[in-house]
>>> print(open('final.txt').read())   # compact mmCIF, C-alpha atoms
# COMPACT_ATOMS: atom_id res chain seq x y z
CA MET V 4 140.06 190.55 126.99
CA HIS V 5 137.84 192.01 124.32
CA ASP V 6 134.14 192.75 124.53
CA LEU V 7 132.43 189.87 122.68
CA THR V 8 129.57 191.92 121.24
CA PHE V 9 131.89 194.61 119.91
CA PHE V 10 134.29 191.99 118.59
CA ARG V 11 131.49 190.09 116.80
CA ASN V 12 130.03 193.26 115.25
CA ASN V 13 133.40 194.60 114.09
CA LEU V 14 135.14 191.39 113.12
CA GLU V 15 136.88 192.59 109.95
CA THR V 16 138.08 195.79 111.63
CA MET V 17 139.43 193.78 114.55
CA ARG V 18 141.19 191.41 112.16
CA GLU V 19 142.94 194.35 110.47
CA ARG V 20 143.94 196.01 113.73
CA LEU V 21 145.27 192.77 115.16
CA ALA V 22 147.21 192.12 111.95
CA ALA V 23 149.01 195.42 112.57
CA ARG V 24 150.59 193.86 115.63
CA GLY V 25 151.41 190.58 113.94
CA PHE V 26 148.44 188.53 115.14
CA ASP V 27 146.55 186.47 112.56
CA LEU V 28 142.92 186.27 113.64
CA ASP V 29 141.22 183.07 112.48
CA VAL V 30 137.98 184.66 111.32
CA ASP V 31 136.54 181.37 110.05
CA ALA V 32 137.04 179.70 113.43
CA PHE V 33 135.46 182.66 115.22
CA GLN V 34 132.48 182.77 112.88
CA GLY V 35 132.03 178.99 113.04
CA LEU V 36 131.96 179.07 116.82
CA ASP V 37 129.63 182.05 116.79
CA ARG V 38 127.31 180.31 114.32
CA LYS V 39 127.09 177.15 116.47
CA ARG V 40 126.28 179.23 119.53
CA ARG V 41 123.60 181.25 117.76
CA GLN V 42 122.00 178.08 116.37
CA ALA V 43 121.95 176.43 119.79
CA VAL V 44 120.47 179.55 121.43
CA THR V 45 117.83 179.94 118.70
CA GLU V 46 116.76 176.29 118.88
CA ALA V 47 116.64 176.39 122.68
CA GLU V 48 114.48 179.52 122.69
CA THR V 49 112.14 178.01 120.08
CA LEU V 50 111.77 174.79 122.09
CA LYS V 51 111.17 176.71 125.31
CA ALA V 52 108.34 178.61 123.62
CA GLU V 53 106.89 175.31 122.31
CA ARG V 54 107.18 173.73 125.75
CA ASN V 55 105.40 176.64 127.39
CA ALA V 56 102.58 176.45 124.84
CA ALA V 57 102.32 172.67 125.30
CA SER V 58 102.18 173.02 129.08
CA ILE V 59 99.29 175.46 128.79
CA GLU V 60 97.47 173.09 126.44
CA ILE V 61 98.06 170.10 128.76
CA SER V 62 96.65 172.08 131.67
CA LYS V 63 93.47 172.81 129.72
CA LEU V 64 93.09 169.19 128.58
CA ARG V 65 93.55 167.85 132.09
CA LYS V 66 90.77 170.11 133.32
CA GLN V 67 88.59 168.55 130.61
CA GLY V 68 89.54 165.05 131.80
CA ALA V 69 91.48 164.20 128.62
CA ASP V 70 94.43 161.79 128.54
CA THR V 71 97.66 163.90 128.36
CA ALA V 72 100.27 161.16 128.89
CA ASP V 73 101.65 161.34 125.35
CA ARG V 74 101.81 165.12 125.41
CA GLN V 75 103.53 165.10 128.82
CA GLN V 76 106.10 162.62 127.51
CA GLN V 77 106.77 164.92 124.55
CA VAL V 78 107.24 167.88 126.92
CA ARG V 79 109.74 165.83 128.94
CA LEU V 80 111.69 164.98 125.78
CA THR V 81 111.63 168.63 124.76
CA GLY V 82 112.95 169.55 128.23
CA ASP V 83 115.81 167.08 127.82
CA ARG V 84 116.69 168.64 124.46
CA ILE V 85 116.57 172.12 125.98
CA ALA V 86 118.89 171.05 128.79
CA ASP V 87 121.27 169.59 126.21
CA LEU V 88 121.22 172.82 124.19
CA ASP V 89 121.73 174.96 127.29
CA GLN V 90 124.80 172.88 128.12
CA GLN V 91 126.03 173.30 124.55
CA VAL V 92 125.67 177.08 124.91
CA THR V 93 127.58 176.99 128.21
CA ASN V 94 130.35 174.94 126.60
CA LEU V 95 130.45 177.26 123.58
CA ASP V 96 130.61 180.28 125.91
CA ASP V 97 133.63 178.67 127.55
CA ASP V 98 135.15 178.12 124.11
CA PHE V 99 134.52 181.77 123.26
CA ARG V 100 136.11 182.86 126.53
CA ASP V 101 139.14 180.71 125.83
CA LEU V 102 139.39 182.02 122.26
CA LEU V 103 139.11 185.66 123.33
CA SER V 104 141.56 185.14 126.20
CA ARG V 105 144.28 184.27 123.67
CA ILE V 106 143.72 187.31 121.44
CA PRO V 107 145.95 190.31 122.28
CA ASN V 108 144.77 193.83 122.91
CA ILE V 109 144.56 196.22 119.99
CA THR V 110 147.03 199.10 120.03
CA ASP V 111 146.15 202.76 120.38
CA ALA V 112 146.09 204.92 117.24
CA SER V 113 149.22 206.75 118.43
CA VAL V 114 151.28 203.54 118.34
CA PRO V 115 153.53 203.34 115.25
CA LEU V 116 153.09 200.37 112.93
CA GLY V 117 155.95 197.90 112.91
CA ARG V 118 156.94 194.28 113.28
CA SER V 119 159.81 194.29 115.77
CA SER V 120 161.94 196.41 118.08
CA ASP V 121 163.70 197.74 114.98
CA ASP V 122 160.54 199.76 114.28
CA ASN V 123 160.27 201.33 117.74
CA VAL V 124 160.45 205.12 117.88
CA GLU V 125 162.77 207.04 120.18
CA VAL V 126 160.77 209.84 121.81
CA LYS V 127 163.39 211.59 123.94
CA ARG V 128 166.82 211.37 125.51
CA TRP V 129 167.93 212.68 128.86
CA GLY V 130 171.50 213.12 130.05
CA THR V 131 174.78 212.80 128.25
CA PRO V 132 176.68 209.51 128.52
CA ARG V 133 179.88 210.02 130.44
CA GLU V 134 183.20 210.09 128.60
CA PHE V 135 185.75 207.88 130.36
CA ASP V 136 189.53 208.35 130.34
CA PHE V 137 189.80 204.58 130.74
CA LYS V 138 187.96 201.65 129.23
CA PRO V 139 184.76 201.17 131.28
CA LYS V 140 184.05 197.69 132.56
CA ALA V 141 180.78 195.77 132.49
CA HIS V 142 179.09 194.99 135.80
CA TRP V 143 179.91 191.29 135.52
CA ASP V 144 183.56 192.25 135.92
CA LEU V 145 183.10 195.18 138.31
CA GLY V 146 180.84 193.34 140.75
CA PRO V 147 183.17 190.39 141.45
CA GLU V 148 186.22 192.67 141.57
CA LEU V 149 184.50 194.80 144.21
CA GLY V 150 183.49 191.66 146.10
CA ILE V 151 179.79 192.54 145.96
CA LEU V 152 178.44 190.22 143.22
CA ASP V 153 178.77 186.46 143.20
CA LEU V 154 177.27 184.51 140.30
CA GLU V 155 179.20 181.29 140.87
CA ARG V 156 177.88 180.68 144.37
CA ALA V 157 174.37 181.64 143.22
CA ALA V 158 174.61 178.96 140.53
CA LYS V 159 175.67 176.45 143.18
CA VAL V 160 172.64 177.30 145.31
CA ALA V 161 169.97 177.76 142.64
CA GLY V 162 171.39 177.46 139.11
CA ALA V 163 172.08 179.83 136.25
CA ARG V 164 170.49 183.29 136.12
CA PHE V 165 170.54 183.87 139.85
CA ALA V 166 172.77 186.25 141.82
CA VAL V 167 174.16 186.67 145.31
CA TYR V 168 174.90 190.21 146.51
CA TRP V 169 177.52 190.61 149.24
CA GLY V 170 177.99 193.47 151.69
CA MET V 171 177.74 196.83 149.95
CA GLY V 172 176.13 195.14 146.95
CA ALA V 173 173.21 193.98 149.09
CA ARG V 174 173.10 197.37 150.79
CA LEU V 175 172.96 199.14 147.41
CA GLU V 176 169.96 197.06 146.31
CA ARG V 177 168.15 197.78 149.58
CA ALA V 178 169.00 201.49 149.37
CA LEU V 179 167.62 201.69 145.84
CA ILE V 180 164.34 200.04 146.82
CA ASN V 181 163.83 202.33 149.82
CA PHE V 182 164.77 205.41 147.79
CA MET V 183 162.31 204.55 145.03
CA LEU V 184 159.46 203.80 147.43
CA ASP V 185 160.03 207.04 149.36
CA VAL V 186 160.05 209.20 146.23
CA HIS V 187 156.93 207.58 144.79
CA THR V 188 154.96 207.69 148.05
CA ASN V 189 156.14 211.05 149.42
CA GLU V 190 156.35 213.02 146.18
CA HIS V 191 154.53 211.25 143.35
CA GLY V 192 151.31 210.46 145.23
CA TYR V 193 151.35 206.64 145.32
CA GLN V 194 150.16 204.53 148.23
CA GLU V 195 152.55 201.76 149.18
CA VAL V 196 151.22 198.23 149.40
CA LEU V 197 152.96 194.96 150.22
CA PRO V 198 151.07 192.19 148.35
CA PRO V 199 151.50 188.40 148.42
CA PHE V 200 154.38 187.08 146.35
CA LEU V 201 152.42 183.89 145.57
CA ILE V 202 149.35 184.32 143.39
CA ASN V 203 146.55 182.11 142.05
CA SER V 204 145.59 181.33 138.47
CA ALA V 205 142.62 183.71 138.50
CA SER V 206 144.98 186.60 139.21
CA LEU V 207 147.29 185.66 136.35
CA PHE V 208 144.30 185.35 134.03
CA GLY V 209 143.12 188.80 135.10
CA THR V 210 146.30 190.55 133.99
CA GLY V 211 146.82 188.44 130.87
CA GLN V 212 149.67 186.07 131.77
CA LEU V 213 147.39 183.02 131.62
CA PRO V 214 146.62 181.00 129.65
CA LYS V 215 149.00 182.15 126.91
CA PHE V 216 152.23 182.64 128.86
CA ALA V 217 152.22 179.78 131.37
CA GLU V 218 155.69 178.66 130.27
CA ASP V 219 157.12 182.00 131.38
CA LEU V 220 156.06 181.37 134.98
CA PHE V 221 157.10 179.27 137.96
CA ARG V 222 154.31 177.16 139.51
CA CYS V 223 154.13 175.58 142.96
CA GLU V 224 153.55 171.88 142.44
CA GLY V 225 150.36 170.58 144.02
CA HIS V 226 148.88 174.05 144.58
CA ASP V 227 147.01 176.64 142.56
CA LEU V 228 149.80 179.08 143.32
CA TRP V 229 152.45 180.68 141.14
CA LEU V 230 155.45 182.87 141.91
CA ALA V 231 154.58 186.44 140.94
CA PRO V 232 156.36 187.53 137.74
CA THR V 233 155.76 191.18 138.67
CA ALA V 234 153.85 193.11 141.34
CA GLU V 235 151.48 194.21 138.58
CA VAL V 236 149.64 190.91 138.99
CA PRO V 237 148.79 190.89 142.71
CA ILE V 238 148.21 194.67 142.87
CA THR V 239 145.85 194.80 139.88
CA ASN V 240 143.90 191.84 141.25
CA LEU V 241 143.39 193.48 144.64
CA TYR V 242 140.27 194.96 143.05
CA ARG V 243 139.23 191.92 141.01
CA SER V 244 135.41 191.57 140.81
CA GLU V 245 134.91 194.95 142.48
CA THR V 246 133.25 198.21 141.42
CA LEU V 247 135.25 201.30 142.31
CA ASN V 248 133.80 204.73 142.99
CA SER V 249 134.84 206.83 139.99
CA GLU V 250 135.20 209.86 142.27
CA HIS V 251 138.11 208.08 143.96
CA LEU V 252 139.99 207.54 140.69
CA PRO V 253 142.76 207.54 139.80
CA ILE V 254 144.05 205.11 142.41
CA SER V 255 147.86 205.04 142.39
CA LEU V 256 149.67 202.19 144.13
CA CYS V 257 153.30 201.16 144.34
CA ALA V 258 154.98 198.07 145.73
CA TYR V 259 158.32 196.40 146.16
CA THR V 260 158.34 192.67 145.39
CA PRO V 261 160.77 190.05 144.23
CA CYS V 262 159.81 188.87 140.74
CA PHE V 263 160.21 185.39 139.27
CA ARG V 264 160.35 184.54 135.58
CA SER V 265 161.41 181.43 133.74
CA GLU V 266 162.64 183.55 130.81
CA ALA V 267 161.38 180.90 128.39
CA GLY V 268 162.42 181.71 124.86
CA SER V 269 165.07 184.23 125.92
CA TYR V 270 168.05 181.90 125.85
CA GLY V 271 171.06 183.55 124.30
CA ARG V 272 169.86 187.06 125.24
CA ASP V 273 171.73 188.97 127.97
CA VAL V 274 173.29 185.76 129.26
CA ARG V 275 176.15 187.54 131.06
CA GLY V 276 175.66 189.33 134.35
CA ILE V 277 172.30 190.13 135.92
CA ILE V 278 170.34 191.89 133.18
CA ARG V 279 168.03 188.89 132.69
CA GLN V 280 167.45 186.84 135.83
CA HIS V 281 165.01 184.21 137.10
CA GLN V 282 164.66 186.25 140.32
CA PHE V 283 165.01 190.00 140.63
CA GLN V 284 163.66 192.87 142.72
CA LYS V 285 161.45 195.63 141.38
CA VAL V 286 159.38 198.59 142.51
CA GLU V 287 156.14 198.61 140.51
CA LEU V 288 153.70 201.44 139.82
CA VAL V 289 150.03 200.61 139.16
CA LYS V 290 147.12 202.95 138.40
CA PHE V 291 143.35 202.46 138.11
CA THR V 292 141.73 205.29 136.13
CA ARG V 293 138.58 206.39 134.36
CA ARG V 294 138.57 205.82 130.62
CA GLU V 295 138.89 209.51 129.74
CA GLN V 296 141.91 210.12 131.98
CA SER V 297 144.01 207.04 131.31
CA TYR V 298 146.37 208.46 128.68
CA GLU V 299 147.08 211.56 130.75
CA GLU V 300 147.86 209.28 133.69
CA HIS V 301 150.02 207.09 131.45
CA GLU V 302 152.22 210.10 130.71
CA LYS V 303 152.39 210.95 134.43
CA LEU V 304 153.32 207.39 135.39
CA THR V 305 156.09 207.36 132.79
CA ARG V 306 157.42 210.67 134.09
CA ASP V 307 157.41 209.27 137.64
CA ALA V 308 159.67 206.44 136.51
CA GLU V 309 161.89 208.87 134.56
CA ASP V 310 162.22 211.05 137.64
CA ILE V 311 163.99 208.24 139.49
CA LEU V 312 166.54 207.92 136.69
CA GLU V 313 167.11 211.67 136.63
CA ARG V 314 167.61 211.90 140.39
CA LEU V 315 170.18 209.12 140.10
CA GLU V 316 171.89 211.00 137.25
CA LEU V 317 171.54 208.07 134.87
CA PRO V 318 171.31 208.89 131.13
CA TYR V 319 168.31 207.27 129.49
CA ARG V 320 166.00 207.39 126.53
CA ARG V 321 162.25 206.93 126.17
CA VAL V 322 161.12 204.64 123.34
CA LEU V 323 157.56 204.22 122.04
CA LEU V 324 157.05 200.57 121.14
CA CYS V 325 155.64 199.79 117.72
CA SER V 326 152.54 197.65 117.22
CA GLY V 327 154.52 194.44 116.67
CA ASP V 328 156.64 194.90 119.80
CA THR V 329 153.84 195.94 122.17
CA GLY V 330 153.03 193.37 124.86
CA PHE V 331 150.01 191.07 124.72
CA SER V 332 147.78 193.06 127.11
CA ALA V 333 148.98 196.59 126.37
CA ALA V 334 147.42 199.23 124.13
CA LYS V 335 150.48 201.51 124.33
CA THR V 336 153.90 201.11 125.94
CA TYR V 337 156.89 203.33 126.56
CA ASP V 338 160.17 201.60 127.34
CA LEU V 339 162.74 203.52 129.36
CA GLU V 340 166.25 202.40 128.46
CA VAL V 341 169.23 203.31 130.63
CA TRP V 342 172.73 203.84 129.22
CA LEU V 343 175.22 201.16 130.23
CA PRO V 344 178.77 202.24 129.28
CA GLY V 345 180.27 198.84 130.08
CA GLN V 346 178.08 197.38 127.34
CA ASN V 347 178.04 200.50 125.15
CA ASP V 348 174.29 200.24 124.76
CA TYR V 349 170.92 201.28 126.15
CA LYS V 350 169.05 198.57 128.06
CA GLU V 351 165.41 198.50 129.15
CA ILE V 352 164.93 199.42 132.80
CA SER V 353 161.17 200.10 132.79
CA SER V 354 158.12 199.43 130.63
CA CYS V 355 155.20 201.79 131.22
CA SER V 356 151.94 200.57 129.69
CA ASN V 357 148.31 201.57 129.33
CA PHE V 358 146.10 198.48 129.06
CA GLU V 359 142.88 200.46 128.66
CA ALA V 360 139.98 198.13 129.69
CA PHE V 361 141.69 194.92 128.53
CA GLN V 362 142.83 193.71 131.96
CA ALA V 363 139.81 195.14 133.77
CA ARG V 364 137.43 193.16 131.55
CA ARG V 365 139.33 189.95 132.33
CA ALA V 366 139.44 190.75 136.05
CA GLN V 367 135.93 192.30 136.17
CA ILE V 368 137.05 195.61 137.68
CA ARG V 369 134.44 198.30 137.10
CA THR V 370 133.86 201.90 138.10
CA LYS V 371 130.61 203.70 138.79
CA SER V 372 129.48 207.12 139.96
CA GLY V 373 126.05 207.61 141.54
CA LYS V 374 123.25 206.28 139.37
CA SER V 375 125.33 206.22 136.20
CA LYS V 376 125.98 202.95 134.39
CA SER V 377 129.12 201.12 135.45
CA GLU V 378 132.01 200.67 133.03
CA PHE V 379 135.38 198.98 133.12
CA VAL V 380 138.28 200.92 134.58
CA HIS V 381 141.50 201.44 132.67
CA THR V 382 144.63 199.94 134.22
CA LEU V 383 148.21 201.13 133.85
CA ASN V 384 151.53 200.01 135.23
CA GLY V 385 155.26 200.47 134.94
CA SER V 386 158.49 199.68 136.73
CA GLY V 387 159.60 202.44 138.97
CA LEU V 388 162.29 200.94 138.63
CA ALA V 389 163.78 197.47 138.24
CA ALA V 390 166.21 197.51 141.17
CA GLY V 391 168.74 195.05 139.74
CA ARG V 392 169.13 196.90 136.47
CA THR V 393 169.41 200.20 138.32
CA TRP V 394 172.14 198.57 140.45
CA VAL V 395 173.93 197.64 137.21
CA ALA V 396 173.54 201.16 135.80
CA ILE V 397 175.07 202.76 138.89
CA LEU V 398 178.07 200.44 138.85
CA GLU V 399 178.77 200.97 135.17
CA ASN V 400 178.07 204.72 134.98
CA PHE V 401 179.84 205.74 138.20
CA GLN V 402 182.88 203.45 138.09
CA GLN V 403 186.26 205.07 138.72
CA ALA V 404 189.74 204.34 137.41
CA ASP V 405 190.83 203.00 140.82
CA GLY V 406 188.06 200.36 140.75
CA SER V 407 185.72 202.14 143.15
CA VAL V 408 182.15 203.25 142.38
CA ILE V 409 180.72 206.65 143.34
CA ILE V 410 177.19 206.62 144.79
CA PRO V 411 174.82 209.25 143.28
CA LYS V 412 174.17 212.11 145.72
CA ALA V 413 170.42 211.44 145.95
CA LEU V 414 171.11 207.87 147.07
CA GLN V 415 173.90 208.55 149.57
CA PRO V 416 171.58 209.16 152.59
CA TYR V 417 170.02 205.72 151.95
CA PHE V 418 173.31 203.98 151.26
CA GLY V 419 175.24 205.55 154.15
CA SER V 420 178.39 206.23 152.15
CA ASP V 421 179.52 208.09 149.04
CA ARG V 422 181.26 205.18 147.34
CA ILE V 423 181.90 201.46 147.09
CA VAL V 424 185.53 200.42 147.35
CA PRO V 425 187.08 197.08 146.36
CA ASN V 426 187.92 195.80 149.80
CA GLU V 427 185.44 193.00 150.42
CA LYS V 428 186.69 189.45 149.89
CA HIS V 429 184.76 186.16 150.16
>>> encode(input="final.txt", output="structure tokens")
Amino acid sequence: MHDLTFFRNNLETMRERLAARGFDLDVDAFQGLDRKRRQAVTEAETLKAERNAASIEISKLRKQGADTADRQQQVRLTGDRIADLDQQVTNLDDDFRDLLSRIPNITDASVPLGRSSDDNVEVKRWGTPREFDFKPKAHWDLGPELGILDLERAAKVAGARFAVYWGMGARLERALINFMLDVHTNEHGYQEVLPPFLINSASLFGTGQLPKFAEDLFRCEGHDLWLAPTAEVPITNLYRSETLNSEHLPISLCAYTPCFRSEAGSYGRDVRGIIRQHQFQKVELVKFTRREQSYEEHEKLTRDAEDILERLELPYRRVLLCSGDTGFSAAKTYDLEVWLPGQNDYKEISSCSNFEAFQARRAQIRTKSGKSKSEFVHTLNGSGLAAGRTWVAILENFQQADGSVIIPKALQPYFGSDRIVPNEKH
């Protein structure tokens, strides 16, 4: 969320910067709301001053034995009007909060201008896609042939866009999660946390999913609880309404959680296989930093996610999202896209974002050192990595002509074998 005072004083600049990311700010509506609030505040303050003066006068008259009934009645009427104006201000403040809560963050100056993913900028590539002496298969063929992926039974149990992993498929997912957590905690300096998978509305507001993106979420009927769309939400909100000691920043946390998304509006995209699911597993990286260190930490967080891909020998590229493709809460985002030979394309496997103070202002997360004035922290997060998509990348990149799949060396101690062979039937 934006700072109201700054927003009000820089309205035209904010309109232009928001237009760069495809958001049309209704300046007239903002100014109209602001004008009503100012008028109500001004009238209330004027009436309060008049009431105070009248009360002093009534006190003097009563000491003189004068009749003050009419004046007291007028003071009571003035008090009623003040109460009405105060309520108007409260309601207008709520309207302002709702208006600001639906306005996206502004992007950093380093973010390229653009309208869609076509305008994103490739920053780097790592690894060379493997050349096959046979036609590589997509994971939706490989998985069932190996007997480790079952989409039909998942649909019977839950519906479309769910998956069942059998045997070595389930073991591979578990191995990936443990491998990622160990690398991030033992080598990258993150503290592991296991948060709730159900979260309340205040948490989703804090990170920017509510109110704008309610249709993308699953809600528990009869409760103020939602299924977490990503561990970013519960982890960021661990410090909601708290003031952190700036000397302890940055705080770096990581977590494994299942994630649940309705994928509203994505129909027709990645409908085959398990690239886009209603439920998937992910290891998330979250940082809380001081303002002046957040972009340095953003680069470090992105490198931490890249390190997992490199250890698994998976070719990838880093893409800087343009203004029009940057997410609602983010000021700057790198997407990491892994090469999938079965689909002959790069697919997103991690988004690493700096939200600056946008989420912290919504969630009221501040930092302070000694007697200095408190300020909002900067929050960052990224997938480190999405386990399901990493599972897909291993199957497609390490498939063999005989139908088996080689396990990357770094993962073999976690998996307990050097390959998956097509010998499991269900």
>>> closest_residue(input="final.txt", among="V:Cys257, V:Asn108, V:Gly146, V:Leu154", to="Leu197 (chain V)", atoms="only C-alpha atoms")
V:Cys257
>>> closest_residue(input="final.txt", among="V:His251, V:Phe418, V:Gly172, V:Gly373", to="Leu145 (chain V)", atoms="only C-alpha atoms")
V:Gly172
>>> residues_near_point(input="final.txt", point="(174.7, 209.3, 133.9)", cutoff="7 Å", atoms="only C-alpha atoms", output="list in words")
Gly130, Thr131, Pro132, Arg133, Glu316, Leu317, Pro318 and Asn400 of chain V
>>> closest_atom_pairs(input="final.txt", of="region 74-160 of chain V", to="region 46-57 of chain V", cutoff="10 Å", atoms="all atoms listed in the file", output="CSV")
residue,atom,partner,partner_atom,distance
V:Arg74,CA,V:Ala57,CA,7.6
V:Gln75,CA,V:Ala57,CA,8.4
V:Gln77,CA,V:Arg54,CA,8.9
V:Val78,CA,V:Arg54,CA,6.0
V:Arg79,CA,V:Arg54,CA,8.9
V:Leu80,CA,V:Arg54,CA,9.8
V:Thr81,CA,V:Leu50,CA,6.7
V:Gly82,CA,V:Arg54,CA,7.5
V:Arg84,CA,V:Ala47,CA,8.0
V:Ile85,CA,V:Ala47,CA,5.4
V:Ala86,CA,V:Ala47,CA,8.4
V:Asp87,CA,V:Ala47,CA,9.0
V:Leu88,CA,V:Ala47,CA,6.0
V:Asp89,CA,V:Ala47,CA,7.0
V:Val92,CA,V:Ala47,CA,9.3
>>> residues_around(input="final.txt", residues="Asp98 (chain V)", least_positions_apart="5", cutoff="12 Å", atoms="all atoms listed in the file", output="ChimeraX atom specification")
/V:32-33,35-37,39-40,91-93,103-105
>>> atom_distance(input="final.txt", atom1="CA of Val274 (chain V)", atom2="CA of Ala141 (chain V)")
12.9 Å
>>> closest_residue(input="final.txt", among="V:Thr45, V:Asn426, V:Gln362, V:Ser297", to="Gly209 (chain V)", atoms="all atoms listed in the file")
V:Gln362
>>> atom_distance(input="final.txt", atom1="CA of Pro198 (chain V)", atom2="CA of Arg365 (chain V)")
20.0 Å
>>> atom_distance(input="final.txt", atom1="CA of Pro199 (chain V)", atom2="CA of Tyr417 (chain V)")
25.6 Å
>>> closest_residue(input="final.txt", among="V:Leu116, V:Leu228, V:Ile278, V:Leu339", to="Arg164 (chain V)", atoms="all atoms listed in the file")
V:Ile278
>>> closest_residue(input="final.txt", among="V:Glu195, V:Glu134, V:Glu378, V:Glu340", to="Val289 (chain V)", atoms="only C-alpha atoms")
V:Glu195
>>> closest_atom_pairs(input="final.txt", of="region 319-406 of chain V", to="region 149-153 of chain V", cutoff="12 Å", atoms="only C-alpha atoms", output="JSON lines")
{"residue": "V:Gly391", "atom": "CA", "partner": "V:Leu152", "partner_atom": "CA", "distance": 11.4}
{"residue": "V:Trp394", "atom": "CA", "partner": "V:Leu152", "partner_atom": "CA", "distance": 10.8}
{"residue": "V:Val395", "atom": "CA", "partner": "V:Leu152", "partner_atom": "CA", "distance": 10.6}
{"residue": "V:Leu398", "atom": "CA", "partner": "V:Leu149", "partner_atom": "CA", "distance": 10.1}
{"residue": "V:Gln402", "atom": "CA", "partner": "V:Leu149", "partner_atom": "CA", "distance": 10.7}
{"residue": "V:Gln403", "atom": "CA", "partner": "V:Leu149", "partner_atom": "CA", "distance": 11.8}
{"residue": "V:Asp405", "atom": "CA", "partner": "V:Leu149", "partner_atom": "CA", "distance": 10.9}
{"residue": "V:Gly406", "atom": "CA", "partner": "V:Leu149", "partner_atom": "CA", "distance": 7.5}
>>> closest_residue(input="final.txt", among="V:Val30, V:Cys262, V:Val380, V:Met17", to="Asn248 (chain V)", atoms="only C-alpha atoms")
V:Val380
